[in-house]
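Have a look at the structure below, then the notes.
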Amino acid sequence: MTRMTVNGQPMAFALDPETPLLHALREAANITGPKHGCEDGGCHACTVLVDGTAVRACTLTIARAEGAAVTTIEGLPPDHPLFAAWMAQQPSMCGFCDPGFITALAGLLAVNAAPGEEELAALPNRCACGAGPRIVRAGMAAAAALRAASAKADERPTLTFSLGSAVKAEEEKESKRIE
């Protein structure tokens with residue numbers, strides 16, 4: 001029995017340990033976000049996050065994912081800026097590669113909130129429709145939204161608490177001792 005956490009839920013797979021994670025997710029766990037694409041790891045339509053790192057689920061066995069935290073597109077928070085950016089930019093044509101791209105971008109943005117266009121374009125994911133430039137724009141928009149949300153969180157006022165007169169009285173006693 002191979003155990004891991006998938007989208008925050010503990011799962012155990014009673015499958016051959018050499019089963020590709022993609023097959024375990026889609027066929028045993030009924031998680032259909034990661035797509036069957038090329039089956040040799042070239043297209044990255046099956047991209048998932050394993051312990052926060054984007055990996056191809058078609059080339060990773062469940063034995064190698066034992067004990068890991070696996071996140072598919074279904075496990076990303078619904079308010080993740082990538083979803084809004086994807087809707088606003090409408091980068092894809094057929095949508096087949098969307099889950100892999102969005103998951104790979106989420107992994108990248110988790111470690112680099114300000115990737116450049118070159119870094120986004122260098123993702124190994126492929127789109128047969130030729131939506132690469134629009135996908136890069138969606139990634140840039142999501143990165144900007146993440147940075148703006150982070151800056152807004154940093155602007156929150158810091159609460160200061162005072163112990164009031166007890167502290168002042170103690171300070172006065174201390175200053176009188178020094179004199």
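Labeling convention for the structure tokens: chains A, B, ... as they appear, residues from 1 per chain, ligands from 1 in order of appearance.
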
Can you write out as a tab-separated table which residues of range 53-96 of chain A fall within 12 Å of range 111-123 of chain A, alongside each residue's closest atom pair and its distance in Å to one decimal, counting only C-alpha atoms and ordering rows by chain and ascending residue number?
residue	atom	partner	partner_atom	distance
A:Thr53	CA	A:Val111	CA	9.4
A:Ala54	CA	A:Leu123	CA	10.1
A:Val55	CA	A:Leu123	CA	11.5
A:Pro81	CA	A:Ala113	CA	11.6

For Glu18 in chain A, list every protein, DNA or RNA residue within 10 Å, evaluated using only C-alpha atoms, and leave out those in the same chain fewer than 2 positions away; present the list as a ChimeraX atom specification.
/A:15-16,20-21,59-64

Atoms kept (all heavy atoms) for selection, written as a compact mmCIF listing (two decimals), in the first residue's frame:
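Saved as out04.txt:
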# COMPACT_ATOMS: atom_id res chain seq x y z
N LEU A 15 -1.95 -0.41 -5.38
CA LEU A 15 -1.56 -0.62 -6.77
C LEU A 15 -0.10 -1.06 -6.81
O LEU A 15 0.63 -0.90 -5.83
CB LEU A 15 -1.71 0.68 -7.57
CG LEU A 15 -3.08 1.32 -7.62
CD1 LEU A 15 -2.99 2.74 -8.21
CD2 LEU A 15 -4.03 0.47 -8.45
N ASP A 16 0.32 -1.57 -7.96
CA ASP A 16 1.73 -1.90 -8.16
C ASP A 16 2.54 -0.64 -7.87
O ASP A 16 2.22 0.44 -8.39
CB ASP A 16 1.91 -2.35 -9.61
CG ASP A 16 3.35 -2.71 -9.96
OD1 ASP A 16 4.29 -2.28 -9.25
OD2 ASP A 16 3.54 -3.40 -10.97
N PRO A 20 2.51 4.59 -12.62
CA PRO A 20 2.74 6.03 -12.71
C PRO A 20 1.72 6.78 -11.84
O PRO A 20 0.54 6.42 -11.78
CB PRO A 20 2.53 6.35 -14.19
CG PRO A 20 2.78 5.05 -14.89
CD PRO A 20 2.28 3.99 -13.94
N LEU A 21 2.19 7.84 -11.20
CA LEU A 21 1.32 8.65 -10.36
C LEU A 21 0.11 9.14 -11.16
O LEU A 21 -1.00 9.19 -10.64
CB LEU A 21 2.10 9.83 -9.78
CG LEU A 21 1.34 10.81 -8.91
CD1 LEU A 21 0.72 10.12 -7.69
CD2 LEU A 21 2.25 11.95 -8.47
N THR A 59 5.71 10.20 -15.38
CA THR A 59 7.03 9.57 -15.26
C THR A 59 7.41 9.26 -13.81
O THR A 59 8.45 8.65 -13.58
CB THR A 59 8.12 10.45 -15.88
OG1 THR A 59 8.18 11.69 -15.18
CG2 THR A 59 7.87 10.70 -17.36
N LEU A 60 6.58 9.69 -12.86
CA LEU A 60 6.87 9.45 -11.44
C LEU A 60 6.03 8.28 -10.96
O LEU A 60 4.81 8.29 -11.10
CB LEU A 60 6.53 10.70 -10.62
CG LEU A 60 6.81 10.62 -9.12
CD1 LEU A 60 8.30 10.58 -8.85
CD2 LEU A 60 6.17 11.81 -8.42
N THR A 61 6.68 7.29 -10.38
CA THR A 61 5.92 6.15 -9.86
C THR A 61 5.34 6.50 -8.49
O THR A 61 5.86 7.37 -7.79
CB THR A 61 6.82 4.91 -9.71
OG1 THR A 61 7.81 5.18 -8.71
CG2 THR A 61 7.47 4.51 -11.03
N ILE A 62 4.29 5.76 -8.13
CA ILE A 62 3.71 6.02 -6.81
C ILE A 62 4.68 5.63 -5.70
O ILE A 62 4.66 6.23 -4.63
CB ILE A 62 2.32 5.36 -6.63
CG1 ILE A 62 2.39 3.85 -6.78
CG2 ILE A 62 1.31 5.97 -7.58
CD1 ILE A 62 1.09 3.12 -6.44
N ALA A 63 5.56 4.67 -5.97
CA ALA A 63 6.56 4.29 -4.97
C ALA A 63 7.48 5.47 -4.67
O ALA A 63 7.83 5.71 -3.51
CB ALA A 63 7.38 3.10 -5.46
N ARG A 64 7.86 6.24 -5.70
CA ARG A 64 8.72 7.39 -5.49
C ARG A 64 7.98 8.56 -4.86
O ARG A 64 8.60 9.48 -4.32
CB ARG A 64 9.38 7.80 -6.81
CG ARG A 64 10.43 6.77 -7.22
CD ARG A 64 11.20 7.08 -8.48
NE ARG A 64 11.49 8.47 -8.73
CZ ARG A 64 11.42 9.04 -9.93
NH1 ARG A 64 11.07 8.34 -10.99
NH2 ARG A 64 11.73 10.31 -10.08

Top pick for closest residue to Ser92 in chain A, considering A:Met4, A:Val70, A:Leu146, A:Ala131 and counting only C-alpha atoms
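Answer, going by the shortest atom-to-atom distance: A:Ala131.
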
Which residue out of A:Thr19, A:Thr103, A:Gln89, A:Gln9 has the minimum interatomic distance to Ala141 in chain A when only C-alpha atoms are used?
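Ranked by minimum distance to Ala141 in chain A, first place goes to A:Gln89.
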
Suppose you want the space between CA of Ala12 in chain A and CA of Ile73 in chain A; what is it in Å?
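For CA of Ala12 in chain A relative to CA of Ile73 in chain A, the distance reads 19.7 Å.
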
Hey, which of A:Asp40, A:Leu49, A:Ser150, A:Glu66 ends up closest to Met1 in chain A? Count only C-alpha atoms.
A:Glu66

Going by DSSP on the backbone, which residues of range 4-159 of chain A come out as strand (DSSP E or B)? List them as a PyMOL selection string.
chain A and resi 4-6+9-13+20+47-50+53-56+61+69-71

Output the selection as an mmCIF file, in the first residue's frame - N, CA, C and O atoms for each residue.
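That gives us selection10.cif:
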data_model
loop_
_atom_site.group_PDB
_atom_site.id
_atom_site.type_symbol
_atom_site.label_atom_id
_atom_site.label_comp_id
_atom_site.auth_asym_id
_atom_site.auth_seq_id
_atom_site.Cartn_x
_atom_site.Cartn_y
_atom_site.Cartn_z
ATOM 1 N N MET A 4 0.227 8.644 0.493
ATOM 2 C CA MET A 4 0.637 10.025 0.238
ATOM 3 C C MET A 4 -0.541 10.928 0.555
ATOM 4 O O MET A 4 -1.646 10.444 0.805
ATOM 5 N N THR A 5 -0.306 12.202 0.554
ATOM 6 C CA THR A 5 -1.380 13.171 0.741
ATOM 7 C C THR A 5 -1.636 13.809 -0.618
ATOM 8 O O THR A 5 -0.708 14.312 -1.251
ATOM 9 N N VAL A 6 -2.880 13.760 -1.061
ATOM 10 C CA VAL A 6 -3.239 14.329 -2.355
ATOM 11 C C VAL A 6 -4.271 15.423 -2.126
ATOM 12 O O VAL A 6 -5.346 15.163 -1.572
ATOM 13 N N GLN A 9 -5.643 15.565 1.308
ATOM 14 C CA GLN A 9 -6.326 14.386 1.841
ATOM 15 C C GLN A 9 -5.372 13.185 1.842
ATOM 16 O O GLN A 9 -4.740 12.899 0.827
ATOM 17 N N PRO A 10 -5.298 12.461 2.963
ATOM 18 C CA PRO A 10 -4.467 11.252 2.959
ATOM 19 C C PRO A 10 -5.056 10.214 2.005
ATOM 20 O O PRO A 10 -6.269 10.033 1.964
ATOM 21 N N MET A 11 -4.198 9.584 1.233
ATOM 22 C CA MET A 11 -4.635 8.542 0.298
ATOM 23 C C MET A 11 -3.681 7.368 0.373
ATOM 24 O O MET A 11 -2.492 7.540 0.614
ATOM 25 N N ALA A 12 -4.250 6.200 0.137
ATOM 26 C CA ALA A 12 -3.456 4.975 0.065
ATOM 27 C C ALA A 12 -3.846 4.260 -1.217
ATOM 28 O O ALA A 12 -5.037 4.090 -1.501
ATOM 29 N N PHE A 13 -2.851 3.876 -1.994
ATOM 30 C CA PHE A 13 -3.099 3.195 -3.256
ATOM 31 C C PHE A 13 -2.664 1.741 -3.145
ATOM 32 O O PHE A 13 -1.497 1.456 -2.862
ATOM 33 N N PRO A 20 2.510 4.585 -12.617
ATOM 34 C CA PRO A 20 2.739 6.035 -12.705
ATOM 35 C C PRO A 20 1.718 6.784 -11.842
ATOM 36 O O PRO A 20 0.543 6.421 -11.777
ATOM 37 N N THR A 47 1.398 17.679 -15.312
ATOM 38 C CA THR A 47 2.157 18.309 -14.232
ATOM 39 C C THR A 47 1.345 18.411 -12.946
ATOM 40 O O THR A 47 0.198 18.851 -12.942
ATOM 41 N N VAL A 48 1.979 17.985 -11.858
ATOM 42 C CA VAL A 48 1.439 18.123 -10.500
ATOM 43 C C VAL A 48 2.573 18.665 -9.631
ATOM 44 O O VAL A 48 3.730 18.677 -10.045
ATOM 45 N N LEU A 49 2.224 19.114 -8.450
ATOM 46 C CA LEU A 49 3.249 19.535 -7.491
ATOM 47 C C LEU A 49 3.465 18.402 -6.499
ATOM 48 O O LEU A 49 2.504 17.880 -5.934
ATOM 49 N N VAL A 50 4.707 18.013 -6.321
ATOM 50 C CA VAL A 50 5.062 17.001 -5.330
ATOM 51 C C VAL A 50 5.972 17.698 -4.329
ATOM 52 O O VAL A 50 7.066 18.142 -4.683
ATOM 53 N N THR A 53 7.147 20.993 -5.689
ATOM 54 C CA THR A 53 7.937 21.039 -6.918
ATOM 55 C C THR A 53 7.128 20.468 -8.076
ATOM 56 O O THR A 53 6.533 19.393 -7.951
ATOM 57 N N ALA A 54 7.122 21.163 -9.208
ATOM 58 C CA ALA A 54 6.400 20.691 -10.387
ATOM 59 C C ALA A 54 7.093 19.462 -10.961
ATOM 60 O O ALA A 54 8.301 19.485 -11.212
ATOM 61 N N VAL A 55 6.319 18.386 -11.119
ATOM 62 C CA VAL A 55 6.844 17.148 -11.697
ATOM 63 C C VAL A 55 5.834 16.583 -12.689
ATOM 64 O O VAL A 55 4.652 16.904 -12.643
ATOM 65 N N ARG A 56 6.327 15.727 -13.554
ATOM 66 C CA ARG A 56 5.460 15.042 -14.520
ATOM 67 C C ARG A 56 4.916 13.777 -13.861
ATOM 68 O O ARG A 56 5.675 12.878 -13.518
ATOM 69 N N THR A 61 6.676 7.286 -10.385
ATOM 70 C CA THR A 61 5.921 6.149 -9.860
ATOM 71 C C THR A 61 5.339 6.504 -8.495
ATOM 72 O O THR A 61 5.855 7.374 -7.792
ATOM 73 N N ALA A 69 3.465 15.083 -0.405
ATOM 74 C CA ALA A 69 2.257 15.904 -0.538
ATOM 75 C C ALA A 69 2.115 16.232 -2.019
ATOM 76 O O ALA A 69 2.969 16.899 -2.599
ATOM 77 N N VAL A 70 1.062 15.723 -2.631
ATOM 78 C CA VAL A 70 0.814 15.913 -4.061
ATOM 79 C C VAL A 70 -0.320 16.916 -4.218
ATOM 80 O O VAL A 70 -1.357 16.788 -3.565
ATOM 81 N N THR A 71 -0.114 17.904 -5.080
ATOM 82 C CA THR A 71 -1.159 18.888 -5.353
ATOM 83 C C THR A 71 -1.416 18.917 -6.849
ATOM 84 O O THR A 71 -0.492 19.102 -7.641
#

Extract the full set of helix (DSSP H, G or I) residues from range 46-171 of chain A according to DSSP on the backbone, and format it as an MDAnalysis selection string.
chainID A and resid 73:75 81:89 98:111 117:121 132:154 165:171

From A:Cys97, A:Leu108, A:Ala148, A:Ala68, residue lying nearest Asn7 in chain A [only C-alpha atoms]:
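Among the listed residues, the smallest separation from Asn7 in chain A belongs to A:Ala68.
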
With distances taken over only C-alpha atoms, the candidate from A:Arg137, A:Arg126, A:His23, A:Arg147 nearest Phe96 in chain A is A:Arg126

Excluding same-chain residues fewer than 5 positions from Pro124 in chain A, what lies within 8 Å of it counting only C-alpha atoms, as a list in words?
Gly42, Cys43 and His44 of chain A

In terms of the shortest atom-to-atom distance over only C-alpha atoms, which of A:Ala128, A:Ile31, A:Ala138, A:Leu105 is closest to Pro91 in chain A?
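Of A:Ala128, A:Ile31, A:Ala138, A:Leu105, the one nearest Pro91 in chain A is A:Ala138, counting only C-alpha atoms.
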
Rounded to one decimal in Å, what is the spacing between CA of Leu82 in chain A and CA of Ala143 in chain A?
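CA of Leu82 in chain A sits 8.1 Å away from CA of Ala143 in chain A.
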